[in-house]
$ cat data-v8.cif   # mmCIF, C-alpha atoms; chains and numbers go by the auth columns
data_input
#
loop_
_atom_site.group_PDB
_atom_site.id
_atom_site.type_symbol
_atom_site.label_atom_id
_atom_site.label_comp_id
_atom_site.label_asym_id
_atom_site.label_seq_id
_atom_site.Cartn_x
_atom_site.Cartn_y
_atom_site.Cartn_z
_atom_site.B_iso_or_equiv
_atom_site.auth_seq_id
_atom_site.auth_asym_id
ATOM 1 C CA MET A 1 -16.934 -21.736 -21.632 0.00 1 M
ATOM 2 C CA HIS A 2 -13.303 -20.846 -21.144 0.00 2 M
ATOM 3 C CA ILE A 3 -13.727 -17.416 -22.703 0.00 3 M
ATOM 4 C CA LEU A 4 -16.829 -16.784 -20.555 0.00 4 M
ATOM 5 C CA LEU A 5 -14.948 -17.607 -17.360 0.00 5 M
ATOM 6 C CA HIS A 6 -12.112 -15.346 -18.523 0.00 6 M
ATOM 7 C CA LEU A 7 -14.511 -12.446 -19.153 0.00 7 M
ATOM 8 C CA ILE A 8 -16.195 -12.854 -15.747 0.00 8 M
ATOM 9 C CA THR A 9 -12.844 -12.920 -13.948 0.00 9 M
ATOM 10 C CA GLN A 10 -11.616 -9.843 -15.801 0.00 10 M
ATOM 11 C CA THR A 11 -14.832 -7.954 -15.006 0.00 11 M
ATOM 12 C CA ILE A 12 -14.578 -8.719 -11.286 0.00 12 M
ATOM 13 C CA LEU A 13 -10.922 -7.699 -11.252 0.00 13 M
ATOM 14 C CA ALA A 14 -11.770 -4.451 -13.067 0.00 14 M
ATOM 15 C CA TYR A 15 -14.490 -3.717 -10.493 0.00 15 M
ATOM 16 C CA ILE A 16 -12.038 -4.186 -7.603 0.00 16 M
ATOM 17 C CA GLY A 17 -9.384 -2.094 -9.363 0.00 17 M
ATOM 18 C CA THR A 18 -11.723 0.805 -10.095 0.00 18 M
ATOM 19 C CA LEU A 19 -13.077 0.761 -6.539 0.00 19 M
ATOM 20 C CA SER A 20 -9.544 0.895 -5.157 0.00 20 M
ATOM 21 C CA PHE A 21 -8.654 3.781 -7.466 0.00 21 M
ATOM 22 C CA GLY A 22 -11.725 5.544 -6.109 0.00 22 M
ATOM 23 C CA ILE A 23 -10.479 5.030 -2.566 0.00 23 M
ATOM 24 C CA ILE A 24 -6.980 6.393 -3.157 0.00 24 M
ATOM 25 C CA LEU A 25 -8.396 9.389 -5.077 0.00 25 M
ATOM 26 C CA ASN A 26 -10.851 9.999 -2.184 0.00 26 M
ATOM 27 C CA ILE A 27 -13.977 10.260 -4.332 0.00 27 M
ATOM 28 C CA PRO A 28 -17.307 10.792 -2.497 0.00 28 M
ATOM 29 C CA ARG A 29 -18.566 7.695 -0.665 0.00 29 M
ATOM 30 C CA ARG A 30 -21.945 7.481 -2.383 0.00 30 M
ATOM 31 C CA ILE A 31 -20.525 7.107 -5.922 0.00 31 M
ATOM 32 C CA LEU A 32 -17.865 4.471 -5.117 0.00 32 M
ATOM 33 C CA ASN A 33 -20.075 1.542 -6.140 0.00 33 M
ATOM 34 C CA ARG A 34 -21.297 3.237 -9.294 0.00 34 M
ATOM 35 C CA ALA A 35 -17.742 4.118 -10.321 0.00 35 M
ATOM 36 C CA GLY A 36 -16.755 0.480 -9.868 0.00 36 M
ATOM 37 C CA ILE A 37 -19.631 -0.732 -12.028 0.00 37 M
ATOM 38 C CA VAL A 38 -18.797 1.765 -14.781 0.00 38 M
ATOM 39 C CA GLY A 39 -15.135 0.734 -14.745 0.00 39 M
ATOM 40 C CA ALA A 40 -16.042 -2.958 -14.860 0.00 40 M
ATOM 41 C CA MET A 41 -18.432 -2.455 -17.785 0.00 41 M
ATOM 42 C CA ALA A 42 -15.830 -0.397 -19.699 0.00 42 M
ATOM 43 C CA TRP A 43 -13.185 -3.085 -19.256 0.00 43 M
ATOM 44 C CA LEU A 44 -15.712 -5.792 -20.245 0.00 44 M
ATOM 45 C CA THR A 45 -16.450 -3.870 -23.453 0.00 45 M
ATOM 46 C CA TYR A 46 -12.734 -3.577 -24.188 0.00 46 M
ATOM 47 C CA GLU A 47 -12.164 -7.297 -23.605 0.00 47 M
ATOM 48 C CA VAL A 48 -15.123 -8.300 -25.784 0.00 48 M
ATOM 49 C CA VAL A 49 -14.027 -6.004 -28.624 0.00 49 M
ATOM 50 C CA VAL A 50 -10.450 -7.268 -28.421 0.00 50 M
ATOM 51 C CA SER A 51 -11.474 -10.932 -28.371 0.00 51 M
ATOM 52 C CA VAL A 52 -13.857 -10.410 -31.291 0.00 52 M
ATOM 53 C CA THR A 53 -11.502 -8.382 -33.479 0.00 53 M
ATOM 54 C CA GLN A 54 -8.349 -10.390 -32.762 0.00 54 M
ATOM 55 C CA ASP A 55 -9.297 -13.075 -35.258 0.00 55 M
ATOM 56 C CA MET A 56 -10.674 -10.600 -37.773 0.00 56 M
ATOM 57 C CA LEU A 57 -7.585 -8.385 -37.873 0.00 57 M
ATOM 58 C CA PRO A 58 -5.496 -10.399 -40.382 0.00 58 M
ATOM 59 C CA GLU A 59 -8.503 -10.624 -42.718 0.00 59 M
ATOM 60 C CA ILE A 60 -9.058 -6.867 -42.538 0.00 60 M
ATOM 61 C CA GLY A 61 -5.376 -6.404 -43.381 0.00 61 M
ATOM 62 C CA THR A 62 -5.715 -8.701 -46.362 0.00 62 M
ATOM 63 C CA LEU A 63 -8.778 -6.809 -47.484 0.00 63 M
ATOM 64 C CA PHE A 64 -7.154 -3.358 -47.415 0.00 64 M
ATOM 65 C CA TRP A 65 -3.428 -3.784 -47.877 0.00 65 M
ATOM 66 C CA GLY A 66 -3.185 -7.176 -49.475 0.00 66 M
ATOM 67 C CA ARG A 67 -1.192 -8.686 -46.602 0.00 67 M
ATOM 68 C CA SER A 68 -2.043 -9.870 -43.116 0.00 68 M
ATOM 69 C CA LEU A 69 -1.755 -7.424 -40.255 0.00 69 M
ATOM 70 C CA GLN A 70 0.136 -8.292 -37.093 0.00 70 M
ATOM 71 C CA LEU A 71 -0.189 -6.535 -33.763 0.00 71 M
ATOM 72 C CA MET B 1 -5.723 14.546 -6.027 0.00 1 U
ATOM 73 C CA ASP B 2 -8.667 14.843 -3.653 0.00 2 U
ATOM 74 C CA MET B 3 -12.013 14.425 -5.383 0.00 3 U
ATOM 75 C CA GLU B 4 -14.063 14.990 -2.234 0.00 4 U
ATOM 76 C CA LYS B 5 -12.570 18.483 -1.851 0.00 5 U
ATOM 77 C CA ILE B 6 -13.280 19.310 -5.502 0.00 6 U
ATOM 78 C CA VAL B 7 -16.901 18.191 -5.110 0.00 7 U
ATOM 79 C CA ALA B 8 -17.330 20.245 -1.918 0.00 8 U
ATOM 80 C CA VAL B 9 -15.862 23.419 -3.491 0.00 9 U
ATOM 81 C CA ASN B 10 -18.014 22.960 -6.605 0.00 10 U
ATOM 82 C CA ASP B 11 -21.155 22.588 -4.476 0.00 11 U
ATOM 83 C CA LEU B 12 -20.356 25.732 -2.493 0.00 12 U
ATOM 84 C CA THR B 13 -19.613 27.749 -5.630 0.00 13 U
ATOM 85 C CA ARG B 14 -22.839 26.664 -7.293 0.00 14 U
ATOM 86 C CA LYS B 15 -24.823 27.591 -4.199 0.00 15 U
ATOM 87 C CA PHE B 16 -23.129 31.002 -4.137 0.00 16 U
ATOM 88 C CA THR B 17 -23.756 31.772 -7.799 0.00 17 U
ATOM 89 C CA ALA B 18 -27.415 30.769 -7.353 0.00 18 U
ATOM 90 C CA HIS B 19 -27.602 33.320 -4.464 0.00 19 U
ATOM 91 C CA ASP B 20 -28.522 30.598 -1.970 0.00 20 U
ATOM 92 C CA ILE B 21 -25.828 31.657 0.517 0.00 21 U
ATOM 93 C CA SER B 22 -24.245 35.031 1.269 0.00 22 U
ATOM 94 C CA ILE B 23 -20.580 35.834 0.694 0.00 23 U
ATOM 95 C CA GLU B 24 -19.766 35.724 4.433 0.00 24 U
ATOM 96 C CA ILE B 25 -21.098 32.170 4.818 0.00 25 U
ATOM 97 C CA PHE B 26 -19.374 31.217 1.558 0.00 26 U
ATOM 98 C CA SER B 27 -15.987 32.473 2.771 0.00 27 U
ATOM 99 C CA ASP B 28 -16.464 30.894 6.187 0.00 28 U
ATOM 100 C CA LYS B 29 -17.339 27.471 4.743 0.00 29 U
ATOM 101 C CA LEU B 30 -14.546 27.662 2.180 0.00 30 U
ATOM 102 C CA GLY B 31 -12.029 28.282 4.955 0.00 31 U
ATOM 103 C CA LYS B 32 -13.213 25.287 6.961 0.00 32 U
ATOM 104 C CA ILE B 33 -13.452 22.890 4.007 0.00 33 U
ATOM 105 C CA ASP B 34 -10.204 21.096 4.816 0.00 34 U
ATOM 106 C CA MET B 35 -11.516 20.064 8.233 0.00 35 U
ATOM 107 C CA THR B 36 -15.065 19.114 7.267 0.00 36 U
ATOM 108 C CA ILE B 37 -14.566 16.749 4.320 0.00 37 U
ATOM 109 C CA PRO B 38 -14.179 13.020 5.098 0.00 38 U
ATOM 110 C CA ARG B 39 -10.977 11.214 4.176 0.00 39 U
ATOM 111 C CA PHE B 40 -10.041 7.548 3.956 0.00 40 U
ATOM 112 C CA SER B 41 -7.348 6.406 6.381 0.00 41 U
ATOM 113 C CA LEU B 42 -3.785 5.719 5.277 0.00 42 U
ATOM 114 C CA LYS B 43 -4.138 1.999 6.055 0.00 43 U
ATOM 115 C CA LEU B 44 -7.131 1.688 3.722 0.00 44 U
ATOM 116 C CA LYS B 45 -5.295 3.650 1.032 0.00 45 U
ATOM 117 C CA VAL B 46 -2.270 1.347 1.232 0.00 46 U
ATOM 118 C CA VAL B 47 -4.532 -1.706 0.959 0.00 47 U
ATOM 119 C CA SER B 48 -6.228 -0.083 -2.037 0.00 48 U
ATOM 120 C CA ALA B 49 -2.871 0.565 -3.691 0.00 49 U
ATOM 121 C CA MET B 50 -1.999 -3.111 -3.233 0.00 50 U
ATOM 122 C CA LEU B 51 -5.361 -4.146 -4.724 0.00 51 U
ATOM 123 C CA ILE B 52 -4.875 -1.808 -7.707 0.00 52 U
ATOM 124 C CA ALA B 53 -1.413 -3.169 -8.388 0.00 53 U
ATOM 125 C CA VAL B 54 -2.426 -6.836 -8.153 0.00 54 U
ATOM 126 C CA THR B 55 -5.676 -6.588 -10.120 0.00 55 U
ATOM 127 C CA LEU B 56 -4.265 -4.437 -12.918 0.00 56 U
ATOM 128 C CA MET B 57 -1.181 -6.632 -13.155 0.00 57 U
ATOM 129 C CA VAL B 58 -3.375 -9.734 -13.557 0.00 58 U
ATOM 130 C CA MET B 59 -5.680 -7.954 -16.002 0.00 59 U
ATOM 131 C CA LEU B 60 -2.921 -6.626 -18.254 0.00 60 U
ATOM 132 C CA THR B 61 -0.325 -9.393 -18.196 0.00 61 U
ATOM 133 C CA ARG B 62 -2.482 -12.460 -17.289 0.00 62 U
ATOM 134 C CA ASN B 63 0.239 -13.730 -14.997 0.00 63 U
ATOM 135 C CA THR B 64 -1.056 -15.368 -11.801 0.00 64 U
ATOM 136 C CA ALA B 65 2.079 -16.920 -10.311 0.00 65 U
ATOM 137 C CA PRO B 66 1.862 -16.589 -6.486 0.00 66 U
ATOM 138 C CA ILE B 67 5.373 -15.145 -6.123 0.00 67 U
ATOM 139 C CA THR B 68 4.550 -12.388 -8.623 0.00 68 U
ATOM 140 C CA LEU B 69 1.270 -11.549 -6.872 0.00 69 U
ATOM 141 C CA PHE B 70 2.947 -11.409 -3.466 0.00 70 U
ATOM 142 C CA LEU B 71 5.867 -9.260 -4.643 0.00 71 U
ATOM 143 C CA THR B 72 3.544 -6.870 -6.489 0.00 72 U
ATOM 144 C CA ALA B 73 1.373 -6.329 -3.421 0.00 73 U
ATOM 145 C CA LEU B 74 4.372 -5.844 -1.111 0.00 74 U
ATOM 146 C CA THR B 75 6.230 -3.469 -3.428 0.00 75 U
ATOM 147 C CA SER B 76 3.265 -1.283 -4.303 0.00 76 U
ATOM 148 C CA GLY B 77 2.174 -1.020 -0.664 0.00 77 U
ATOM 149 C CA ILE B 78 5.620 0.130 0.474 0.00 78 U
ATOM 150 C CA ALA B 79 5.968 2.538 -2.460 0.00 79 U
ATOM 151 C CA TYR B 80 2.536 4.068 -1.940 0.00 80 U
ATOM 152 C CA ALA B 81 3.168 4.581 1.779 0.00 81 U
ATOM 153 C CA ILE B 82 6.509 6.299 1.027 0.00 82 U
ATOM 154 C CA ALA B 83 5.005 8.582 -1.636 0.00 83 U
ATOM 155 C CA PHE B 84 2.080 9.466 0.641 0.00 84 U
ATOM 156 C CA GLN B 85 4.298 10.310 3.616 0.00 85 U
ATOM 157 C CA ILE B 86 6.712 12.462 1.578 0.00 86 U
ATOM 158 C CA ARG B 87 3.798 14.292 -0.048 0.00 87 U
ATOM 159 C CA ASN B 88 2.152 15.029 3.303 0.00 88 U
ATOM 160 C CA LYS B 89 5.245 15.855 5.360 0.00 89 U
ATOM 161 C CA PHE B 90 7.348 17.867 2.898 0.00 90 U
ATOM 162 C CA HIS B 91 4.784 18.842 0.207 0.00 91 U
ATOM 163 C CA LEU B 92 7.055 17.521 -2.538 0.00 92 U
ATOM 164 C CA ARG B 93 4.786 15.486 -4.801 0.00 93 U
ATOM 165 C CA PHE B 94 7.113 14.733 -7.672 0.00 94 U
ATOM 166 C CA PHE B 95 10.098 14.023 -5.431 0.00 95 U
ATOM 167 C CA GLY B 96 7.914 11.627 -3.442 0.00 96 U
ATOM 168 C CA LEU B 97 6.928 9.790 -6.619 0.00 97 U
ATOM 169 C CA PHE B 98 10.590 9.659 -7.671 0.00 98 U
ATOM 170 C CA ILE B 99 11.671 8.152 -4.330 0.00 99 U
ATOM 171 C CA ALA B 100 8.768 5.681 -4.399 0.00 100 U
ATOM 172 C CA SER B 101 9.590 4.392 -7.864 0.00 101 U
ATOM 173 C CA LEU B 102 13.284 4.264 -6.958 0.00 102 U
ATOM 174 C CA CYS B 103 12.218 2.093 -4.023 0.00 103 U
ATOM 175 C CA ILE B 104 10.214 -0.194 -6.331 0.00 104 U
ATOM 176 C CA SER B 105 13.229 -0.555 -8.588 0.00 105 U
ATOM 177 C CA LEU B 106 15.527 -1.240 -5.614 0.00 106 U
ATOM 178 C CA ILE B 107 13.252 -3.948 -4.159 0.00 107 U
ATOM 179 C CA MET B 108 13.007 -5.599 -7.558 0.00 108 U
ATOM 180 C CA LEU B 109 16.781 -5.451 -8.029 0.00 109 U
ATOM 181 C CA VAL B 110 17.376 -7.119 -4.650 0.00 110 U
ATOM 182 C CA CYS B 111 14.657 -9.730 -5.247 0.00 111 U
ATOM 183 C CA SER B 112 15.924 -10.630 -8.709 0.00 112 U
ATOM 184 C CA LYS B 113 19.426 -11.179 -7.264 0.00 113 U
ATOM 185 C CA VAL B 114 18.326 -13.024 -4.092 0.00 114 U
ATOM 186 C CA LEU B 115 15.427 -15.177 -5.342 0.00 115 U
ATOM 187 C CA SER B 116 16.971 -17.620 -7.744 0.00 116 U
ATOM 188 C CA HIS B 117 13.928 -19.255 -9.311 0.00 117 U
ATOM 189 C CA GLY B 118 12.352 -17.513 -12.215 0.00 118 U
ATOM 190 C CA PHE B 119 9.994 -14.616 -11.918 0.00 119 U
ATOM 191 C CA ASN B 120 9.894 -11.654 -14.258 0.00 120 U
ATOM 192 C CA PRO B 121 10.769 -8.364 -12.496 0.00 121 U
ATOM 193 C CA ASP B 122 9.356 -6.349 -15.420 0.00 122 U
ATOM 194 C CA ILE B 123 5.854 -7.682 -14.733 0.00 123 U
ATOM 195 C CA VAL B 124 6.110 -6.810 -11.042 0.00 124 U
ATOM 196 C CA ILE B 125 7.290 -3.283 -11.905 0.00 125 U
ATOM 197 C CA ILE B 126 4.379 -2.848 -14.344 0.00 126 U
ATOM 198 C CA GLY B 127 1.976 -3.771 -11.557 0.00 127 U
ATOM 199 C CA ALA B 128 3.651 -1.772 -8.830 0.00 128 U
ATOM 200 C CA ILE B 129 3.717 1.590 -10.664 0.00 129 U
ATOM 201 C CA MET B 130 -0.014 1.327 -11.430 0.00 130 U
ATOM 202 C CA PRO B 131 -1.164 3.486 -8.435 0.00 131 U
ATOM 203 C CA PHE B 132 1.106 6.324 -9.658 0.00 132 U
ATOM 204 C CA VAL B 133 0.131 6.580 -13.327 0.00 133 U
ATOM 205 C CA PRO B 134 -1.279 10.056 -14.113 0.00 134 U
ATOM 206 C CA GLY B 135 -4.613 8.848 -15.461 0.00 135 U
ATOM 207 C CA VAL B 136 -6.810 11.375 -13.683 0.00 136 U
ATOM 208 C CA ALA B 137 -4.564 14.305 -14.642 0.00 137 U
ATOM 209 C CA LEU B 138 -4.606 13.306 -18.317 0.00 138 U
ATOM 210 C CA THR B 139 -8.379 12.812 -18.328 0.00 139 U
ATOM 211 C CA ASN B 140 -8.964 16.176 -16.669 0.00 140 U
ATOM 212 C CA ALA B 141 -6.525 17.835 -19.084 0.00 141 U
ATOM 213 C CA VAL B 142 -8.334 16.558 -22.163 0.00 142 U
ATOM 214 C CA ARG B 143 -11.736 17.366 -20.669 0.00 143 U
ATOM 215 C CA GLU B 144 -10.762 20.925 -19.766 0.00 144 U
ATOM 216 C CA ILE B 145 -9.179 21.596 -23.156 0.00 145 U
ATOM 217 C CA MET B 146 -12.312 20.269 -24.870 0.00 146 U
ATOM 218 C CA ALA B 147 -14.426 22.564 -22.676 0.00 147 U
ATOM 219 C CA GLY B 148 -12.318 25.566 -23.754 0.00 148 U
ATOM 220 C CA ASN B 149 -10.327 26.115 -20.532 0.00 149 U
ATOM 221 C CA PHE B 150 -6.945 26.082 -22.245 0.00 150 U
ATOM 222 C CA ILE B 151 -4.841 27.514 -19.417 0.00 151 U
ATOM 223 C CA SER B 152 -5.856 25.030 -16.704 0.00 152 U
ATOM 224 C CA GLY B 153 -5.759 22.261 -19.317 0.00 153 U
ATOM 225 C CA GLN B 154 -2.135 23.056 -20.072 0.00 154 U
ATOM 226 C CA GLY B 155 -1.381 23.000 -16.356 0.00 155 U
ATOM 227 C CA ARG B 156 -2.906 19.552 -16.074 0.00 156 U
ATOM 228 C CA ILE B 157 -0.935 18.302 -19.059 0.00 157 U
ATOM 229 C CA ILE B 158 2.317 19.519 -17.506 0.00 158 U
ATOM 230 C CA GLU B 159 1.339 17.859 -14.215 0.00 159 U
ATOM 231 C CA ALA B 160 0.672 14.561 -15.996 0.00 160 U
ATOM 232 C CA PHE B 161 3.939 14.795 -17.899 0.00 161 U
ATOM 233 C CA LEU B 162 5.975 15.578 -14.772 0.00 162 U
ATOM 234 C CA THR B 163 4.335 12.708 -12.870 0.00 163 U
ATOM 235 C CA ALA B 164 5.108 10.257 -15.657 0.00 164 U
ATOM 236 C CA ALA B 165 8.655 11.595 -15.976 0.00 165 U
ATOM 237 C CA SER B 166 9.441 11.311 -12.264 0.00 166 U
ATOM 238 C CA VAL B 167 8.043 7.769 -12.032 0.00 167 U
ATOM 239 C CA GLY B 168 9.922 6.737 -15.176 0.00 168 U
ATOM 240 C CA LEU B 169 13.170 8.312 -13.986 0.00 169 U
ATOM 241 C CA GLY B 170 12.975 6.485 -10.660 0.00 170 U
ATOM 242 C CA ILE B 171 12.403 3.141 -12.371 0.00 171 U
ATOM 243 C CA VAL B 172 15.079 3.634 -14.997 0.00 172 U
ATOM 244 C CA LEU B 173 17.908 4.790 -12.718 0.00 173 U
ATOM 245 C CA LEU B 174 18.462 1.302 -11.276 0.00 174 U
ATOM 246 C CA SER B 175 17.539 -0.674 -14.380 0.00 175 U
ATOM 247 C CA PHE B 176 21.149 -0.688 -15.613 0.00 176 U
ATOM 248 C CA PHE B 177 22.217 -3.035 -12.813 0.00 177 U
ATOM 249 C CA TYR B 178 19.956 -5.986 -13.633 0.00 178 U
#

$ encode --input "data-v8.cif" --output "structure tokens"
Amino acid sequence: MHILLHLITQTILAYIGTLSFGIILNIPRRILNRAGIVGAMAWLTYEVVVSVTQDMLPEIGTLFWGRSLQL
Amino acid sequence: MDMEKIVAVNDLTRKFTAHDISIEIFSDKLGKIDMTIPRFSLKLKVVSAMLIAVTLMVMLTRNTAPITLFLTALTSGIAYAIAFQIRNKFHLRFFGLFIASLCISLIMLVCSKVLSHGFNPDIVIIGAIMPFVPGVALTNAVREIMAGNFISGQGRIIEAFLTAASVGLGIVLLSFFY
């Protein structure tokens, strides 16, 4: 539940951020919304991949190098 | 960076190469392109710079203290307005970025001396320089080099590097006094 709320918040923030970047770069009006959606989906993918692989990373390190990996 | 202008010039060029319009109309429209394209107002752009700074600061550092949010919005708005005015009045892009980031650093220096209770000026600086990072220049550079346009790609890379260097220099000049 907590992670879901975190992901939703991050996606909304990414949408607002991408839209604002579109405004200061003066991109055409009709693609502002689409650009925001693409940015939000990209950031959601990044967050999901990070939250999935964060716990796996030490195990991958143990598998390949014989010691746990720290980021 | 003005994406609307790039889109308009691309449209005109494609129409010309497809022989839809003659060269006289092409030249006439190309000369008037600065007046015909729509632009967002400065007020909206400053608000957008504030939104970028606050949202990216929350996304990257996960810090939602009200004092940090307020200072990030204030600092990035002032810095963006300064950079915009210098770029439009004197046509000095990199100097404008340098002065803007110097201003960010100065505001943070004053705030960290005046406000006694703890907030982290590094986090506010990370948020406030977000509207100036050369993301579009780097993306265009890589895309043009991949497409085989090496000369304009190199130009973009130098632009991105100079932007990053002027922002970094402005931030770092006052960081010795913290």

$ atom_distance --input "data-v8.cif" --atom1 "CA of Met1 in chain M" --atom2 "CA of Asp55 in chain M"
17.9 Å

$ resolve_selection --input "data-v8.cif" --expression "the PyMOL selection byres ((chain M) within 7 of (chain U))" --output "ChimeraX atom specification"
/M:10,13,17,20-21,23-28

$ resolve_selection --input "data-v8.cif" --expression "the PyMOL selection byres ((chain M and resi 14) around 9)" --output "list in words"
Thr9, Gln10, Thr11, Ile12, Leu13, Tyr15, Ile16, Gly17, Thr18, Leu19, Gly36, Ile37, Gly39, Ala40, Met41, Ala42, Trp43 and Leu44 of chain M; Thr55, Leu56 and Met59 of chain U

$ atom_distance --input "data-v8.cif" --atom1 "CA of Ile23 in chain U" --atom2 "CA of Ser152 in chain U"
25.2 Å

$ axis_aligned_box --input "data-v8.cif" --around "range 163-171 of chain U" --padding-each-side "6 Å" --output "JSON"
{"center_x": 8.8, "center_y": 7.9, "center_z": -13.3, "size_x": 20.8, "size_y": 21.6, "size_z": 17.3}

$ closest_atom_pairs --input "data-v8.cif" --of "range 112-164 of chain U" --to "range 103-106 of chain U" --cutoff "9 Å" --atoms "all atoms listed in the file" --output "JSON lines"
{"residue": "U:Ile125", "atom": "CA", "partner": "U:Ile104", "partner_atom": "CA", "distance": 7.0}
{"residue": "U:Ala128", "atom": "CA", "partner": "U:Ile104", "partner_atom": "CA", "distance": 7.2}
{"residue": "U:Ile129", "atom": "CA", "partner": "U:Ile104", "partner_atom": "CA", "distance": 8.0}

$ atom_distance --input "data-v8.cif" --atom1 "CA of Phe119 in chain U" --atom2 "CA of Ala65 in chain U"
8.4 Å

$ residues_around --input "data-v8.cif" --residues "Glu144 in chain U" --least-positions-apart "5" --cutoff "7 Å" --atoms "all atoms listed in the file" --output "PyMOL selection string"
chain U and resi 149-150+153

$ residues_around --input "data-v8.cif" --residues "Gln85 in chain U" --least-positions-apart "3" --cutoff "12 Å" --atoms "only C-alpha atoms" --output "number ranges by chain"
U: 42, 45-46, 78-82, 88-93, 95-97, 99-100

$ closest_residue --input "data-v8.cif" --among "U:Leu69, U:Ile171, U:Val9, U:Val133" --to "Phe26 in chain U" --atoms "all atoms listed in the file"
U:Val9

$ residues_around --input "data-v8.cif" --residues "Cys111 in chain U" --least-positions-apart "5" --cutoff "12 Å" --atoms "all atoms listed in the file" --output "list of chain:residue names"
U:Ile67, U:Thr68, U:Phe70, U:Leu71, U:Thr72, U:Leu74, U:Thr75, U:Ile104, U:Ser105, U:Leu106, U:Ser116, U:His117, U:Gly118, U:Phe119, U:Asn120, U:Pro121, U:Asp122, U:Val124, U:Ile125, U:Tyr178

$ build_atoms --input "data-v8.cif" --residues "range 122-134 of chain U" --atoms "N, CA and C atoms" --output "PDB file, keeping the file's coordinate frame"
ATOM      1  N   ASP U 122      10.060  -7.354 -14.617  1.00  0.00           N
ATOM      2  CA  ASP U 122       9.356  -6.349 -15.420  1.00  0.00           C
ATOM      3  C   ASP U 122       7.858  -6.351 -15.125  1.00  0.00           C
ATOM      4  N   ILE U 123       7.292  -7.571 -14.984  1.00  0.00           N
ATOM      5  CA  ILE U 123       5.854  -7.682 -14.733  1.00  0.00           C
ATOM      6  C   ILE U 123       5.506  -7.089 -13.377  1.00  0.00           C
ATOM      7  N   VAL U 124       6.363  -7.356 -12.371  1.00  0.00           N
ATOM      8  CA  VAL U 124       6.110  -6.810 -11.042  1.00  0.00           C
ATOM      9  C   VAL U 124       6.202  -5.283 -11.068  1.00  0.00           C
ATOM     10  N   ILE U 125       7.161  -4.749 -11.828  1.00  0.00           N
ATOM     11  CA  ILE U 125       7.290  -3.283 -11.905  1.00  0.00           C
ATOM     12  C   ILE U 125       6.068  -2.679 -12.590  1.00  0.00           C
ATOM     13  N   ILE U 126       5.586  -3.327 -13.656  1.00  0.00           N
ATOM     14  CA  ILE U 126       4.379  -2.848 -14.344  1.00  0.00           C
ATOM     15  C   ILE U 126       3.212  -2.760 -13.373  1.00  0.00           C
ATOM     16  N   GLY U 127       3.063  -3.809 -12.524  1.00  0.00           N
ATOM     17  CA  GLY U 127       1.976  -3.771 -11.557  1.00  0.00           C
ATOM     18  C   GLY U 127       2.187  -2.713 -10.500  1.00  0.00           C
ATOM     19  N   ALA U 128       3.421  -2.604 -10.007  1.00  0.00           N
ATOM     20  CA  ALA U 128       3.651  -1.772  -8.830  1.00  0.00           C
ATOM     21  C   ALA U 128       3.571  -0.281  -9.129  1.00  0.00           C
ATOM     22  N   ILE U 129       3.831   0.153 -10.380  1.00  0.00           N
ATOM     23  CA  ILE U 129       3.717   1.590 -10.664  1.00  0.00           C
ATOM     24  C   ILE U 129       2.293   1.982 -11.019  1.00  0.00           C
ATOM     25  N   MET U 130       1.351   1.008 -11.023  1.00  0.00           N
ATOM     26  CA  MET U 130      -0.014   1.327 -11.430  1.00  0.00           C
ATOM     27  C   MET U 130      -0.707   2.383 -10.555  1.00  0.00           C
ATOM     28  N   PRO U 131      -0.512   2.417  -9.202  1.00  0.00           N
ATOM     29  CA  PRO U 131      -1.164   3.486  -8.435  1.00  0.00           C
ATOM     30  C   PRO U 131      -0.636   4.885  -8.740  1.00  0.00           C
ATOM     31  N   PHE U 132       0.512   4.998  -9.442  1.00  0.00           N
ATOM     32  CA  PHE U 132       1.106   6.324  -9.658  1.00  0.00           C
ATOM     33  C   PHE U 132       0.889   6.861 -11.064  1.00  0.00           C
ATOM     34  N   VAL U 133       0.266   6.092 -11.951  1.00  0.00           N
ATOM     35  CA  VAL U 133       0.131   6.580 -13.327  1.00  0.00           C
ATOM     36  C   VAL U 133      -0.816   7.787 -13.353  1.00  0.00           C
ATOM     37  N   PRO U 134      -0.496   8.815 -14.152  1.00  0.00           N
ATOM     38  CA  PRO U 134      -1.279  10.056 -14.113  1.00  0.00           C
ATOM     39  C   PRO U 134      -2.558   9.985 -14.929  1.00  0.00           C
TER      40      PRO U 134
END
